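File shown: protein_16.txt. Contents: compact mmCIF, C-alpha atoms and all ligand atoms.
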# COMPACT_ATOMS: atom_id res chain seq x y z
CA MET A 23 -29.63 -8.78 4.93
CA SER A 24 -28.37 -12.16 3.86
CA ILE A 25 -28.02 -13.39 0.27
CA ASP A 26 -31.11 -15.04 -1.26
CA PHE A 27 -29.36 -18.07 -2.80
CA GLU A 28 -32.62 -19.50 -4.10
CA PHE A 29 -33.35 -16.36 -6.09
CA ASP A 30 -29.78 -16.38 -7.36
CA ARG A 31 -30.11 -19.97 -8.53
CA GLU A 32 -33.45 -19.30 -10.28
CA HIS A 33 -32.76 -15.95 -11.90
CA LEU A 34 -29.13 -14.90 -12.05
CA TRP A 35 -26.66 -15.96 -14.72
CA HIS A 36 -23.12 -16.70 -13.60
CA PRO A 37 -20.21 -17.05 -16.05
CA TYR A 38 -20.34 -20.21 -18.13
CA THR A 39 -23.12 -21.89 -16.16
CA SER A 40 -26.39 -23.65 -16.84
CA MET A 41 -29.70 -22.38 -15.45
CA HIS A 42 -30.88 -26.00 -15.18
CA SER A 43 -28.06 -27.41 -13.14
CA PRO A 44 -26.03 -24.51 -11.83
CA LEU A 45 -22.86 -25.32 -9.94
CA PRO A 46 -22.98 -24.21 -6.31
CA VAL A 47 -22.08 -20.57 -5.71
CA TYR A 48 -20.56 -19.18 -2.54
CA GLY A 49 -21.92 -15.92 -1.11
CA VAL A 50 -19.27 -13.29 -0.45
CA ARG A 51 -20.19 -10.40 1.81
CA ALA A 52 -16.86 -8.60 1.92
CA ALA A 53 -13.22 -8.82 0.88
CA GLU A 54 -10.20 -7.46 2.71
CA GLY A 55 -6.53 -7.70 1.81
CA CYS A 56 -6.13 -11.15 0.26
CA GLU A 57 -9.21 -12.65 1.85
CA LEU A 58 -12.82 -13.11 0.81
CA VAL A 59 -15.33 -13.10 3.68
CA LEU A 60 -18.17 -15.52 3.05
CA ASP A 61 -21.78 -14.88 3.97
CA ASP A 62 -21.43 -17.28 6.91
CA GLY A 63 -18.31 -15.51 8.20
CA ARG A 64 -15.71 -17.98 6.91
CA ARG A 65 -12.60 -16.38 5.42
CA LEU A 66 -10.95 -17.70 2.26
CA ILE A 67 -7.47 -16.79 1.08
CA ASP A 68 -7.82 -15.70 -2.53
CA GLY A 69 -5.64 -17.55 -5.03
CA THR A 70 -7.21 -15.98 -8.12
CA SER A 71 -7.08 -12.17 -7.64
CA SER A 72 -10.68 -12.36 -8.85
CA TRP A 73 -9.80 -13.60 -12.31
CA TRP A 74 -6.35 -12.04 -12.18
CA ALA A 75 -7.46 -8.44 -11.71
CA CYS A 76 -7.15 -7.58 -7.99
CA VAL A 77 -3.35 -7.57 -7.85
CA HIS A 78 -3.26 -5.07 -4.95
CA GLY A 79 -5.74 -7.08 -2.88
CA TYR A 80 -9.17 -5.92 -1.74
CA GLY A 81 -10.14 -2.78 0.16
CA HIS A 82 -6.83 -1.06 -0.58
CA PRO A 83 -7.09 2.43 0.96
CA ALA A 84 -5.41 4.19 -2.00
CA LEU A 85 -7.91 2.72 -4.45
CA LEU A 86 -10.93 3.33 -2.22
CA GLU A 87 -9.85 6.91 -1.59
CA ALA A 88 -9.30 7.58 -5.32
CA ILE A 89 -12.74 6.23 -6.25
CA SER A 90 -14.44 8.05 -3.40
CA ARG A 91 -12.73 11.37 -4.24
CA GLN A 92 -13.63 10.99 -7.91
CA SER A 93 -17.25 10.10 -7.11
CA GLN A 94 -17.70 13.34 -5.22
CA GLN A 95 -16.47 15.31 -8.20
CA LEU A 96 -17.55 13.51 -11.35
CA SER A 97 -18.88 9.94 -11.48
CA HIS A 98 -19.65 9.81 -15.14
CA VAL A 99 -19.76 12.04 -18.17
CA MET A 100 -19.98 11.21 -21.85
CA PHE A 101 -16.61 11.21 -23.59
CA GLY A 102 -17.91 12.58 -26.91
CA GLY A 103 -16.93 16.24 -27.10
CA ILE A 104 -15.84 16.21 -23.44
CA THR A 105 -12.67 15.21 -21.62
CA HIS A 106 -11.63 15.02 -17.96
CA GLU A 107 -8.48 14.96 -15.87
CA SER A 108 -8.63 11.29 -14.86
CA ALA A 109 -8.72 10.10 -18.47
CA VAL A 110 -5.96 12.47 -19.59
CA GLU A 111 -3.62 11.62 -16.72
CA LEU A 112 -4.29 7.89 -17.03
CA ALA A 113 -3.46 8.03 -20.74
CA ARG A 114 -0.27 9.96 -19.97
CA THR A 115 0.72 7.27 -17.43
CA LEU A 116 0.00 4.36 -19.80
CA ILE A 117 2.01 5.96 -22.59
CA ALA A 118 4.93 6.42 -20.20
CA MET A 119 4.75 2.84 -18.93
CA THR A 120 4.49 1.04 -22.27
CA SER A 121 6.95 0.92 -25.16
CA PRO A 122 7.89 4.22 -26.87
CA SER A 123 6.03 3.51 -30.12
CA LEU A 124 2.63 3.37 -28.35
CA THR A 125 1.31 6.89 -28.16
CA LYS A 126 -2.47 6.75 -28.57
CA VAL A 127 -4.92 5.37 -26.01
CA PHE A 128 -8.52 4.16 -26.36
CA LEU A 129 -10.23 3.59 -22.98
CA ALA A 130 -12.98 0.98 -23.10
CA ASP A 131 -14.88 -0.92 -20.46
CA SER A 132 -13.75 -4.54 -20.65
CA GLY A 133 -10.97 -6.70 -21.99
CA SER A 134 -13.10 -8.18 -24.73
CA ILE A 135 -13.93 -4.70 -25.97
CA ALA A 136 -10.26 -3.70 -25.92
CA VAL A 137 -9.70 -6.66 -28.27
CA GLU A 138 -12.64 -5.64 -30.49
CA VAL A 139 -11.18 -2.15 -30.67
CA ALA A 140 -7.73 -3.45 -31.62
CA ILE A 141 -9.17 -5.61 -34.40
CA LYS A 142 -11.28 -2.75 -35.75
CA MET A 143 -8.28 -0.42 -35.61
CA ALA A 144 -6.14 -2.88 -37.56
CA ILE A 145 -8.77 -3.23 -40.30
CA GLN A 146 -9.36 0.51 -40.55
CA TYR A 147 -5.60 1.10 -40.63
CA TRP A 148 -5.22 -0.96 -43.80
CA GLN A 149 -8.19 0.81 -45.37
CA GLY A 150 -6.27 4.03 -44.82
CA ARG A 151 -3.17 2.51 -46.39
CA GLY A 152 -5.01 1.49 -49.57
CA GLN A 153 -5.33 -2.21 -48.73
CA PRO A 154 -9.01 -2.66 -47.82
CA GLN A 155 -8.78 -6.39 -48.59
CA LYS A 156 -6.78 -6.85 -45.37
CA GLN A 157 -9.75 -7.76 -43.17
CA LYS A 158 -8.67 -11.02 -41.56
CA ILE A 159 -6.85 -11.72 -38.34
CA LEU A 160 -4.30 -14.47 -37.86
CA THR A 161 -3.82 -16.06 -34.47
CA VAL A 162 -2.54 -19.24 -32.87
CA LEU A 163 -4.40 -22.21 -31.46
CA GLY A 164 -4.77 -22.32 -27.68
CA GLY A 165 -5.49 -18.62 -27.31
CA TYR A 166 -8.29 -16.77 -25.54
CA HIS A 167 -9.18 -13.12 -26.13
CA GLY A 168 -12.71 -12.65 -24.76
CA ASP A 169 -16.36 -13.48 -25.29
CA THR A 170 -17.65 -10.86 -27.73
CA PHE A 171 -17.96 -11.77 -31.40
CA ALA A 172 -14.71 -10.44 -32.85
CA ALA A 173 -12.85 -11.59 -29.73
CA MET A 174 -14.45 -15.04 -30.03
CA SER A 175 -13.32 -15.20 -33.64
CA VAL A 176 -9.69 -15.19 -32.50
CA CYS A 177 -10.17 -17.70 -29.67
CA ASP A 178 -9.20 -21.31 -30.25
CA PRO A 179 -12.08 -22.82 -32.27
CA GLU A 180 -11.10 -26.33 -31.18
CA GLN A 181 -11.54 -25.77 -27.49
CA GLY A 182 -15.31 -25.72 -27.57
CA MET A 183 -15.80 -22.46 -25.68
CA HIS A 184 -17.43 -20.68 -28.60
CA GLY A 185 -17.81 -23.35 -31.29
CA MET A 186 -21.61 -23.47 -30.90
CA PHE A 187 -22.00 -20.00 -32.42
CA GLY A 188 -21.09 -21.50 -35.78
CA GLU A 189 -21.36 -19.24 -38.78
CA THR A 190 -22.10 -16.12 -36.75
CA VAL A 191 -18.47 -16.04 -35.69
CA THR A 192 -16.24 -14.72 -38.47
CA LYS A 193 -13.72 -17.27 -39.69
CA GLN A 194 -10.15 -16.19 -39.05
CA PHE A 195 -6.81 -17.86 -39.72
CA PHE A 196 -5.16 -20.08 -37.14
CA ALA A 197 -1.60 -21.34 -36.89
CA SER A 198 -0.26 -24.04 -34.58
CA ALA A 199 0.01 -23.13 -30.91
CA PRO A 200 3.39 -21.89 -29.75
CA PRO A 201 5.40 -24.86 -28.48
CA PRO A 202 5.22 -24.93 -24.68
CA GLY A 203 8.22 -24.16 -22.49
CA PHE A 204 9.39 -20.74 -21.36
CA GLU A 205 13.08 -21.64 -21.35
CA ARG A 206 12.88 -23.56 -24.60
CA LEU A 207 15.08 -22.56 -27.54
CA LEU A 208 13.38 -21.92 -30.84
CA ALA A 209 13.41 -24.89 -33.20
CA GLU A 210 13.43 -24.52 -36.98
CA ASP A 211 9.86 -25.63 -37.46
CA ASP A 212 8.28 -23.76 -34.52
CA LEU A 213 7.06 -20.90 -36.68
CA GLN A 214 6.48 -22.83 -39.85
CA SER A 215 2.71 -22.92 -39.52
CA LEU A 216 2.51 -19.17 -38.85
CA GLU A 217 4.74 -18.37 -41.80
CA GLN A 218 2.75 -20.68 -44.06
CA GLN A 219 -0.49 -18.85 -43.15
CA LEU A 220 1.19 -15.53 -43.85
CA LEU A 221 2.50 -16.79 -47.17
CA ASP A 222 -0.89 -18.19 -48.18
CA HIS A 223 -3.13 -15.40 -46.91
CA GLY A 224 -0.89 -12.44 -45.99
CA THR A 225 -2.50 -10.11 -48.49
CA HIS A 226 -5.80 -10.53 -46.64
CA ILE A 227 -4.40 -10.48 -43.10
CA ALA A 228 -4.63 -7.19 -41.21
CA ALA A 229 -2.97 -8.34 -38.00
CA VAL A 230 -1.71 -11.19 -35.89
CA ILE A 231 -3.10 -11.26 -32.36
CA ILE A 232 -1.44 -13.22 -29.56
CA GLU A 233 -1.18 -13.36 -25.78
CA PRO A 234 2.53 -12.78 -25.19
CA ILE A 235 4.46 -15.47 -23.26
CA MET A 236 1.41 -16.98 -21.54
CA GLN A 237 -1.75 -18.35 -23.11
CA GLY A 238 -4.15 -17.80 -20.20
CA ALA A 239 -7.74 -19.01 -20.26
CA GLY A 240 -6.85 -21.30 -23.19
CA GLY A 241 -4.72 -23.46 -20.89
CA MET A 242 -2.18 -21.48 -18.84
CA ARG A 243 0.64 -22.44 -21.20
CA PHE A 244 3.96 -20.57 -21.23
CA TYR A 245 6.01 -20.32 -24.38
CA SER A 246 9.42 -18.97 -25.22
CA PRO A 247 10.36 -15.31 -25.76
CA ALA A 248 12.25 -16.47 -28.87
CA PHE A 249 8.92 -17.47 -30.46
CA LEU A 250 7.48 -14.04 -29.80
CA LYS A 251 10.56 -12.28 -31.14
CA ALA A 252 10.46 -14.36 -34.32
CA LEU A 253 6.74 -13.66 -34.67
CA ARG A 254 7.44 -9.92 -34.56
CA GLU A 255 9.96 -10.39 -37.36
CA LEU A 256 7.44 -12.36 -39.42
CA CYS A 257 4.84 -9.61 -38.98
CA ASP A 258 7.32 -7.04 -40.26
CA ARG A 259 8.40 -9.23 -43.16
CA TYR A 260 4.83 -9.96 -44.31
CA ARG A 261 3.50 -6.46 -43.51
CA VAL A 262 0.85 -7.30 -40.95
CA LEU A 263 0.27 -5.53 -37.65
CA LEU A 264 1.01 -7.22 -34.34
CA ILE A 265 -1.64 -6.97 -31.62
CA LEU A 266 -0.39 -8.06 -28.22
CA ASP A 267 -3.14 -8.97 -25.77
CA GLU A 268 -1.65 -8.27 -22.34
CA ILE A 269 -5.02 -8.25 -20.59
CA ALA A 270 -3.95 -11.19 -18.40
CA THR A 271 -0.17 -10.79 -18.49
CA GLY A 272 0.19 -7.01 -18.14
CA PHE A 273 1.42 -5.14 -15.05
CA GLY A 274 3.93 -7.61 -13.70
CA ARG A 275 2.16 -10.97 -13.67
CA THR A 276 4.88 -12.85 -15.60
CA GLY A 277 7.77 -11.14 -13.82
CA LYS A 278 8.16 -8.26 -16.30
CA LEU A 279 5.96 -5.17 -16.33
CA PHE A 280 4.67 -6.38 -19.71
CA ALA A 281 5.24 -9.89 -20.99
CA TYR A 282 6.50 -8.59 -24.35
CA GLU A 283 9.57 -7.31 -22.48
CA HIS A 284 10.76 -10.93 -22.12
CA ALA A 285 11.27 -10.85 -25.90
CA GLY A 286 12.41 -7.24 -26.22
CA ILE A 287 9.78 -6.46 -28.83
CA GLU A 288 7.11 -3.80 -29.32
CA ALA A 289 3.48 -4.11 -30.37
CA ASP A 290 1.65 -2.09 -33.00
CA LEU A 291 -1.45 -2.41 -30.82
CA LEU A 292 -1.58 -3.37 -27.16
CA CYS A 293 -4.64 -4.50 -25.18
CA LEU A 294 -4.73 -3.97 -21.42
CA GLY A 295 -7.37 -4.69 -18.78
CA LYS A 296 -7.88 -6.61 -15.54
CA ALA A 297 -5.11 -5.27 -13.23
CA LEU A 298 -5.32 -1.90 -15.02
CA SER A 299 -7.94 -0.75 -12.50
CA GLY A 300 -6.67 -3.10 -9.80
CA GLY A 301 -9.91 -4.95 -10.45
CA TYR A 302 -11.97 -2.31 -8.63
CA ILE A 303 -14.04 -1.12 -11.61
CA SER A 304 -14.14 -2.55 -15.09
CA LEU A 305 -11.74 -0.76 -17.43
CA ALA A 306 -9.59 -1.72 -20.38
CA ALA A 307 -7.39 0.09 -22.85
CA THR A 308 -6.11 -0.33 -26.39
CA LEU A 309 -2.92 1.51 -27.22
CA CYS A 310 -1.62 2.01 -30.73
CA SER A 311 1.26 3.64 -32.54
CA ASP A 312 1.27 6.97 -34.39
CA GLU A 313 1.45 5.05 -37.65
CA VAL A 314 -1.70 3.02 -36.85
CA ALA A 315 -3.57 6.13 -35.72
CA SER A 316 -2.57 8.00 -38.83
CA GLY A 317 -3.64 5.11 -41.09
CA ILE A 318 -7.06 5.14 -39.41
CA SER A 319 -7.37 8.88 -39.98
CA ASP A 320 -6.53 8.35 -43.66
CA SER A 321 -9.24 5.66 -44.02
CA PRO A 322 -12.43 6.54 -45.94
CA ALA A 323 -14.31 6.96 -42.65
CA GLY A 324 -11.66 9.43 -41.49
CA VAL A 325 -12.43 8.63 -37.86
CA PHE A 326 -12.11 5.53 -35.73
CA MET A 327 -15.58 3.98 -35.69
CA HIS A 328 -16.06 3.10 -32.04
CA GLY A 329 -17.38 5.05 -29.05
CA PRO A 330 -19.09 3.23 -26.18
CA THR A 331 -21.34 4.98 -23.65
CA PHE A 332 -19.03 4.31 -20.73
CA MET A 333 -15.81 5.13 -22.56
CA ALA A 334 -13.22 6.56 -20.13
CA ASN A 335 -15.62 6.43 -17.18
CA PRO A 336 -14.11 8.79 -14.57
CA LEU A 337 -14.54 6.39 -11.63
CA ALA A 338 -12.80 3.61 -13.53
CA CYS A 339 -10.05 5.98 -14.68
CA ALA A 340 -9.53 7.19 -11.10
CA ALA A 341 -9.24 3.58 -9.91
CA ALA A 342 -6.78 2.87 -12.72
CA ARG A 343 -4.67 5.90 -11.88
CA ALA A 344 -4.43 4.69 -8.28
CA SER A 345 -3.67 1.15 -9.43
CA MET A 346 -0.95 2.40 -11.79
CA ALA A 347 0.51 4.59 -9.03
CA LEU A 348 0.84 1.47 -6.87
CA ILE A 349 2.44 -0.44 -9.74
CA ASN A 350 4.82 2.46 -10.34
CA GLU A 351 5.89 2.44 -6.67
CA ASN A 352 7.71 -0.63 -7.95
CA HIS A 353 7.20 -3.09 -5.13
CA TRP A 354 5.76 -5.62 -7.58
CA PRO A 355 9.12 -6.90 -8.95
CA GLN A 356 10.19 -8.11 -5.49
CA GLN A 357 6.68 -9.33 -4.66
CA VAL A 358 6.32 -11.30 -7.89
CA ALA A 359 9.87 -12.70 -7.64
CA ALA A 360 9.17 -13.86 -4.08
CA ILE A 361 5.86 -15.46 -5.14
CA GLU A 362 7.61 -17.18 -8.07
CA ALA A 363 10.35 -18.59 -5.82
CA GLN A 364 7.81 -19.83 -3.28
CA LEU A 365 5.57 -21.37 -5.97
CA ASN A 366 8.62 -23.18 -7.35
CA ARG A 367 9.49 -24.52 -3.91
CA GLU A 368 5.99 -25.48 -2.84
CA LEU A 369 4.10 -26.47 -6.00
CA VAL A 370 6.76 -28.40 -7.90
CA PRO A 371 6.59 -31.39 -5.46
CA ALA A 372 3.11 -32.01 -6.94
CA ARG A 373 4.91 -33.48 -9.98
CA ALA A 374 5.32 -36.68 -7.94
CA LEU A 375 1.53 -37.15 -7.62
CA PRO A 376 0.12 -39.89 -9.86
CA GLN A 377 -2.80 -37.78 -11.18
CA VAL A 378 -0.59 -34.82 -12.09
CA ALA A 379 0.60 -34.35 -15.68
CA ASP A 380 2.67 -31.17 -15.24
CA VAL A 381 3.52 -28.37 -12.83
CA ARG A 382 4.72 -25.03 -14.17
CA VAL A 383 5.49 -21.65 -12.68
CA LEU A 384 6.21 -18.26 -14.21
CA GLY A 385 6.14 -15.03 -12.23
CA ALA A 386 3.05 -14.97 -10.03
CA VAL A 387 1.40 -17.84 -11.91
CA GLY A 388 1.52 -21.41 -10.61
CA VAL A 389 -0.18 -24.22 -12.52
CA ILE A 390 -0.87 -27.86 -11.74
CA GLU A 391 -2.09 -29.63 -14.86
CA MET A 392 -3.97 -32.82 -14.07
CA LYS A 393 -4.13 -35.88 -16.32
CA GLY A 394 -7.91 -35.49 -16.75
CA ALA A 395 -10.61 -32.80 -16.49
CA VAL A 396 -11.04 -31.53 -12.95
CA ASP A 397 -14.44 -32.01 -11.25
CA VAL A 398 -14.97 -28.30 -10.62
CA ALA A 399 -17.74 -28.62 -8.01
CA LEU A 400 -15.81 -31.19 -6.00
CA ALA A 401 -12.54 -29.28 -6.20
CA GLN A 402 -14.22 -26.01 -5.35
CA GLN A 403 -15.85 -27.49 -2.28
CA ALA A 404 -12.57 -29.03 -1.16
CA PHE A 405 -10.74 -25.73 -1.58
CA VAL A 406 -13.40 -23.86 0.40
CA GLU A 407 -13.20 -26.43 3.19
CA LEU A 408 -9.45 -25.86 3.24
CA GLY A 409 -10.07 -22.11 3.65
CA VAL A 410 -8.90 -20.95 0.21
CA TRP A 411 -10.46 -19.70 -3.01
CA VAL A 412 -9.10 -21.42 -6.11
CA ARG A 413 -11.16 -21.77 -9.29
CA PRO A 414 -10.12 -24.73 -11.45
CA PHE A 415 -10.91 -25.03 -15.14
CA GLY A 416 -10.41 -27.81 -17.66
CA ARG A 417 -7.52 -29.93 -16.42
CA LEU A 418 -6.00 -27.08 -14.45
CA LEU A 419 -5.65 -26.11 -10.84
CA TYR A 420 -3.83 -22.79 -10.80
CA LEU A 421 -2.86 -19.85 -8.61
CA MET A 422 -2.63 -16.21 -9.70
CA PRO A 423 -2.70 -14.54 -6.28
CA PRO A 424 -2.64 -10.83 -5.48
CA TYR A 425 0.94 -9.52 -5.42
CA VAL A 426 0.50 -8.48 -1.77
CA ILE A 427 -0.11 -12.04 -0.54
CA SER A 428 2.00 -12.99 2.51
CA PRO A 429 4.27 -16.06 2.48
CA THR A 430 2.03 -17.71 5.10
CA GLN A 431 -1.09 -17.12 3.03
CA LEU A 432 0.64 -18.44 -0.07
CA THR A 433 1.69 -21.59 1.77
CA ARG A 434 -1.96 -22.15 2.71
CA LEU A 435 -2.80 -21.92 -0.99
CA THR A 436 -0.02 -24.21 -2.22
CA SER A 437 -0.75 -26.84 0.45
CA ALA A 438 -4.41 -26.79 -0.54
CA MET A 439 -3.41 -27.21 -4.20
CA LEU A 440 -1.31 -30.26 -3.37
CA GLU A 441 -4.04 -31.71 -1.20
CA VAL A 442 -6.73 -31.29 -3.88
CA ALA A 443 -4.44 -32.57 -6.63
CA ALA A 444 -3.99 -35.75 -4.58
CA MET A 445 -7.72 -36.26 -3.88
CA ALA A 446 -9.43 -39.39 -5.18
CA GLY A 447 -11.99 -38.67 -7.91
CA ILE A 448 -10.83 -35.11 -8.55
CA CYS A 449 -10.21 -35.80 -12.24
N1 LIG B 501 -7.86 -11.31 -23.28
C1 LIG B 501 -7.29 -12.12 -22.38
C2 LIG B 501 -5.87 -12.56 -22.59
C3 LIG B 501 -8.00 -12.55 -21.25
O1 LIG B 501 -7.41 -13.36 -20.38
C4 LIG B 501 -9.33 -12.09 -21.09
C5 LIG B 501 -10.11 -12.53 -19.94
O2 LIG B 501 -9.79 -13.45 -19.23
C6 LIG B 501 -9.89 -11.24 -22.05
C7 LIG B 501 -9.12 -10.87 -23.14
C8 LIG B 501 -11.30 -10.74 -21.92
O3 LIG B 501 -11.38 -9.80 -20.90
P1 LIG B 501 -12.80 -9.48 -20.22
O4 LIG B 501 -13.20 -10.72 -19.50
O5 LIG B 501 -12.51 -8.30 -19.31
O6 LIG B 501 -13.73 -9.13 -21.31
Write the structure described by the file as structure tokens, please.
Amino acid sequence: MSIDFEFDREHLWHPYTSMHSPLPVYGVRAAEGCELVLDDGRRLIDGTSSWWACVHGYGHPALLEAISRQSQQLSHVMFGGITHESAVELARTLIAMTSPSLTKVFLADSGSIAVEVAIKMAIQYWQGRGQPQKQKILTVLGGYHGDTFAAMSVCDPEQGMHGMFGETVTKQFFASAPPPGFERLLAEDDLQSLEQQLLDHGTHIAAVIIEPIMQGAGGMRFYSPAFLKALRELCDRYRVLLILDEIATGFGRTGKLFAYEHAGIEADLLCLGKALSGGYISLAATLCSDEVASGISDSPAGVFMHGPTFMANPLACAAARASMALINENHWPQQVAAIEAQLNRELVPARALPQVADVRVLGAVGVIEMKGAVDVALAQQAFVELGVWVRPFGRLLYLMPPYVISPTQLTRLTSAMLEVAAMAGIC
């Protein structure tokens, strides 16, 4: 049966689209390796890992086998009063992979919820430590942490993604964005705005939340490890928790297993998602330290007040265990290093194009920033005609391919990027 595009257009919401004038959608009937197979049989090389999640590619036998085996045993069971092997072993693996201070794991169903959970944990922690006035979260401009209400409250209010929700979004504190440039040394005034907010409002701030090293959906901007290290020191000095949102950066994307490793720091709370399940089933996790968990237990509620229906879904946990087993086979460091080298060779020439403002590469992330907003429909169509799947946003054309992409496939992607960046009328 083929896809009913008319019904889709009339009745089905897609992310960030209008029902009046929806952008064209492309029907996908299958996906294999690093390719999407369109309804009409055309094959597109995937430059996005399906919003950065499918790092092992599609149809990976280990993931399919894990999900299938789990489905025959236990597809779902409530997590209240019940546990199961997949959740326990996944938690054990995540604790072993992340920094030593993170010992407690909350398994939720999407990245946004992992952020909600982290924020709620931080607030409950301070209630347990006798500082119930610490209810606010401090973050930096340019960030993105998800689309639910608490997550929206720590997204950049200037960028217009969530501004229309007005007063229903809690007002948080914002400091200047980290200065761009991965290799950049820290300047005296780089952290001034953050420190000023902590000085002015620290007694009401429960935590700082930040995407380590790379601000993703807020603009694909890289910033220096020195900034992150200094931020950790500020959090300690002003007694606020540090929440690191590694939903986009986790599991190797920036060239380290976790982006915080670039700075040699540890989080009090860590949010994971996307590549956690290899992108096969929605799953996210929030990890916290013993100290945070014990503060929550000492709070008036005595328990952590969150428990979604699909918490620790066994199918998702089985997929995540398989995904983590692949990550722990440790091929990703060579794969990501090879992707980074090739992106540097093949994307950087785009700097010479008149419409291009900047080209930057870190790990398996390659970004061409245009001088103006990209015409998404036009760019999308051009990419599809060139046989690749790249999803521009704002002024950005970017690649975050699966780690298993071949050099030939990656060259197809980078050539398409250069070709589209040079097109007349693209921005
Ligand atoms: N945090 C970061 C850094 C993200 O990049 C995203 C999604 O792009 C989220 C949170 C939200 O995750 P989800 O879309 O799974 O809710």
Inset, instruction - Go ahead and compute the interatomic distance for atom CA of A:Pro355 and atom CA of A:Gly301, in Å to one decimal. - result: 19.2 Å
Legend entry - Selected residue, from A:Leu440, A:Gly81, A:Ile361, A:Pro46, that lies nearest to A:Val378 when counting only C-alpha atoms: A:Leu440
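If you measure from each of A:Leu292, A:Leu419, A:Ala229, A:Val426 to A:Trp354 using only C-alpha atoms, the closest one turns out to be A:Val426.
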Within 7 Å of ligand LIG 501 (chain B), counting only C-alpha atoms and all ligand atoms: which residues, as an mmCIF file with C-alpha atoms, in the frame of the given file?
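The result, written out as selection_23.cif:
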data_model
loop_
_atom_site.group_PDB
_atom_site.id
_atom_site.type_symbol
_atom_site.label_atom_id
_atom_site.label_comp_id
_atom_site.auth_asym_id
_atom_site.auth_seq_id
_atom_site.Cartn_x
_atom_site.Cartn_y
_atom_site.Cartn_z
ATOM 1 C CA TRP A 73 -9.800 -13.600 -12.310
ATOM 2 C CA SER A 132 -13.750 -4.540 -20.650
ATOM 3 C CA GLY A 133 -10.970 -6.700 -21.990
ATOM 4 C CA SER A 134 -13.100 -8.180 -24.730
ATOM 5 C CA ILE A 135 -13.930 -4.700 -25.970
ATOM 6 C CA VAL A 137 -9.700 -6.660 -28.270
ATOM 7 C CA TYR A 166 -8.290 -16.770 -25.540
ATOM 8 C CA HIS A 167 -9.180 -13.120 -26.130
ATOM 9 C CA GLY A 168 -12.710 -12.650 -24.760
ATOM 10 C CA ASP A 169 -16.360 -13.480 -25.290
ATOM 11 C CA GLU A 233 -1.180 -13.360 -25.780
ATOM 12 C CA GLY A 238 -4.150 -17.800 -20.200
ATOM 13 C CA ALA A 239 -7.740 -19.010 -20.260
ATOM 14 C CA ASP A 267 -3.140 -8.970 -25.770
ATOM 15 C CA GLU A 268 -1.650 -8.270 -22.340
ATOM 16 C CA ILE A 269 -5.020 -8.250 -20.590
ATOM 17 C CA ALA A 270 -3.950 -11.190 -18.400
ATOM 18 C CA GLY A 295 -7.370 -4.690 -18.780
ATOM 19 C CA LYS A 296 -7.880 -6.610 -15.540
#
Inset, instruction - Do a neighbour search on A:Ala84 at 12 Å with all atoms listed in the file, toss out local chain neighbours closer than 5 positions, and write the hits as a ChimeraX atom specification. - result: /A:78-79,89-91,299-300,302,340-349
Selected residues, C-alpha atoms, written as a short mmCIF file (atom, residue, chain, number, x, y, z; two decimals), keeping the file's coordinate frame, please.
data_model
loop_
_atom_site.label_atom_id
_atom_site.label_comp_id
_atom_site.auth_asym_id
_atom_site.auth_seq_id
_atom_site.Cartn_x
_atom_site.Cartn_y
_atom_site.Cartn_z
CA HIS A 78 -3.26 -5.07 -4.95
CA GLY A 79 -5.74 -7.08 -2.88
CA ILE A 89 -12.74 6.23 -6.25
CA SER A 90 -14.44 8.05 -3.40
CA ARG A 91 -12.73 11.37 -4.24
CA SER A 299 -7.94 -0.75 -12.50
CA GLY A 300 -6.67 -3.10 -9.80
CA TYR A 302 -11.97 -2.31 -8.63
CA ALA A 340 -9.53 7.19 -11.10
CA ALA A 341 -9.24 3.58 -9.91
CA ALA A 342 -6.78 2.87 -12.72
CA ARG A 343 -4.67 5.90 -11.88
CA ALA A 344 -4.43 4.69 -8.28
CA SER A 345 -3.67 1.15 -9.43
CA MET A 346 -0.95 2.40 -11.79
CA ALA A 347 0.51 4.59 -9.03
CA LEU A 348 0.84 1.47 -6.87
CA ILE A 349 2.44 -0.44 -9.74
#
Inset, instruction - Using all atoms listed in the file, pick whichever of A:Ile235, A:Thr436, A:Tyr282, A:Gln92 has the shortest atom-to-atom distance to A:Ala109. - result: A:Gln92
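The space between atom CA of A:Ser123 and atom CA of A:Gln146 spans 18.8 Å.
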Inset, instruction - Measure the distance from atom CA of A:Met186 to atom CA of A:Ala173 in Å and round it to one decimal. - result: 14.8 Å
Distance query stretch 48-63 of chain A at most 9 Å, all atoms listed in the file, self and fewer than 5 positions along chain excluded, as an mmCIF file with C-alpha atoms, in the coordinates of the input:
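Saved as around14.cif:
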data_model
loop_
_atom_site.group_PDB
_atom_site.id
_atom_site.type_symbol
_atom_site.label_atom_id
_atom_site.label_comp_id
_atom_site.auth_asym_id
_atom_site.auth_seq_id
_atom_site.Cartn_x
_atom_site.Cartn_y
_atom_site.Cartn_z
ATOM 1 C CA SER A 24 -28.370 -12.160 3.860
ATOM 2 C CA ILE A 25 -28.020 -13.390 0.270
ATOM 3 C CA PHE A 27 -29.360 -18.070 -2.800
ATOM 4 C CA ASP A 68 -7.820 -15.700 -2.530
ATOM 5 C CA GLY A 69 -5.640 -17.550 -5.030
ATOM 6 C CA SER A 71 -7.080 -12.170 -7.640
ATOM 7 C CA HIS A 78 -3.260 -5.070 -4.950
ATOM 8 C CA GLY A 79 -5.740 -7.080 -2.880
ATOM 9 C CA TYR A 80 -9.170 -5.920 -1.740
ATOM 10 C CA GLY A 81 -10.140 -2.780 0.160
ATOM 11 C CA HIS A 82 -6.830 -1.060 -0.580
ATOM 12 C CA VAL A 410 -8.900 -20.950 0.210
ATOM 13 C CA TRP A 411 -10.460 -19.700 -3.010
ATOM 14 C CA PRO A 423 -2.700 -14.540 -6.280
ATOM 15 C CA PRO A 424 -2.640 -10.830 -5.480
ATOM 16 C CA VAL A 426 0.500 -8.480 -1.770
ATOM 17 C CA ILE A 427 -0.110 -12.040 -0.540
ATOM 18 C CA SER A 428 2.000 -12.990 2.510
ATOM 19 C CA GLN A 431 -1.090 -17.120 3.030
#
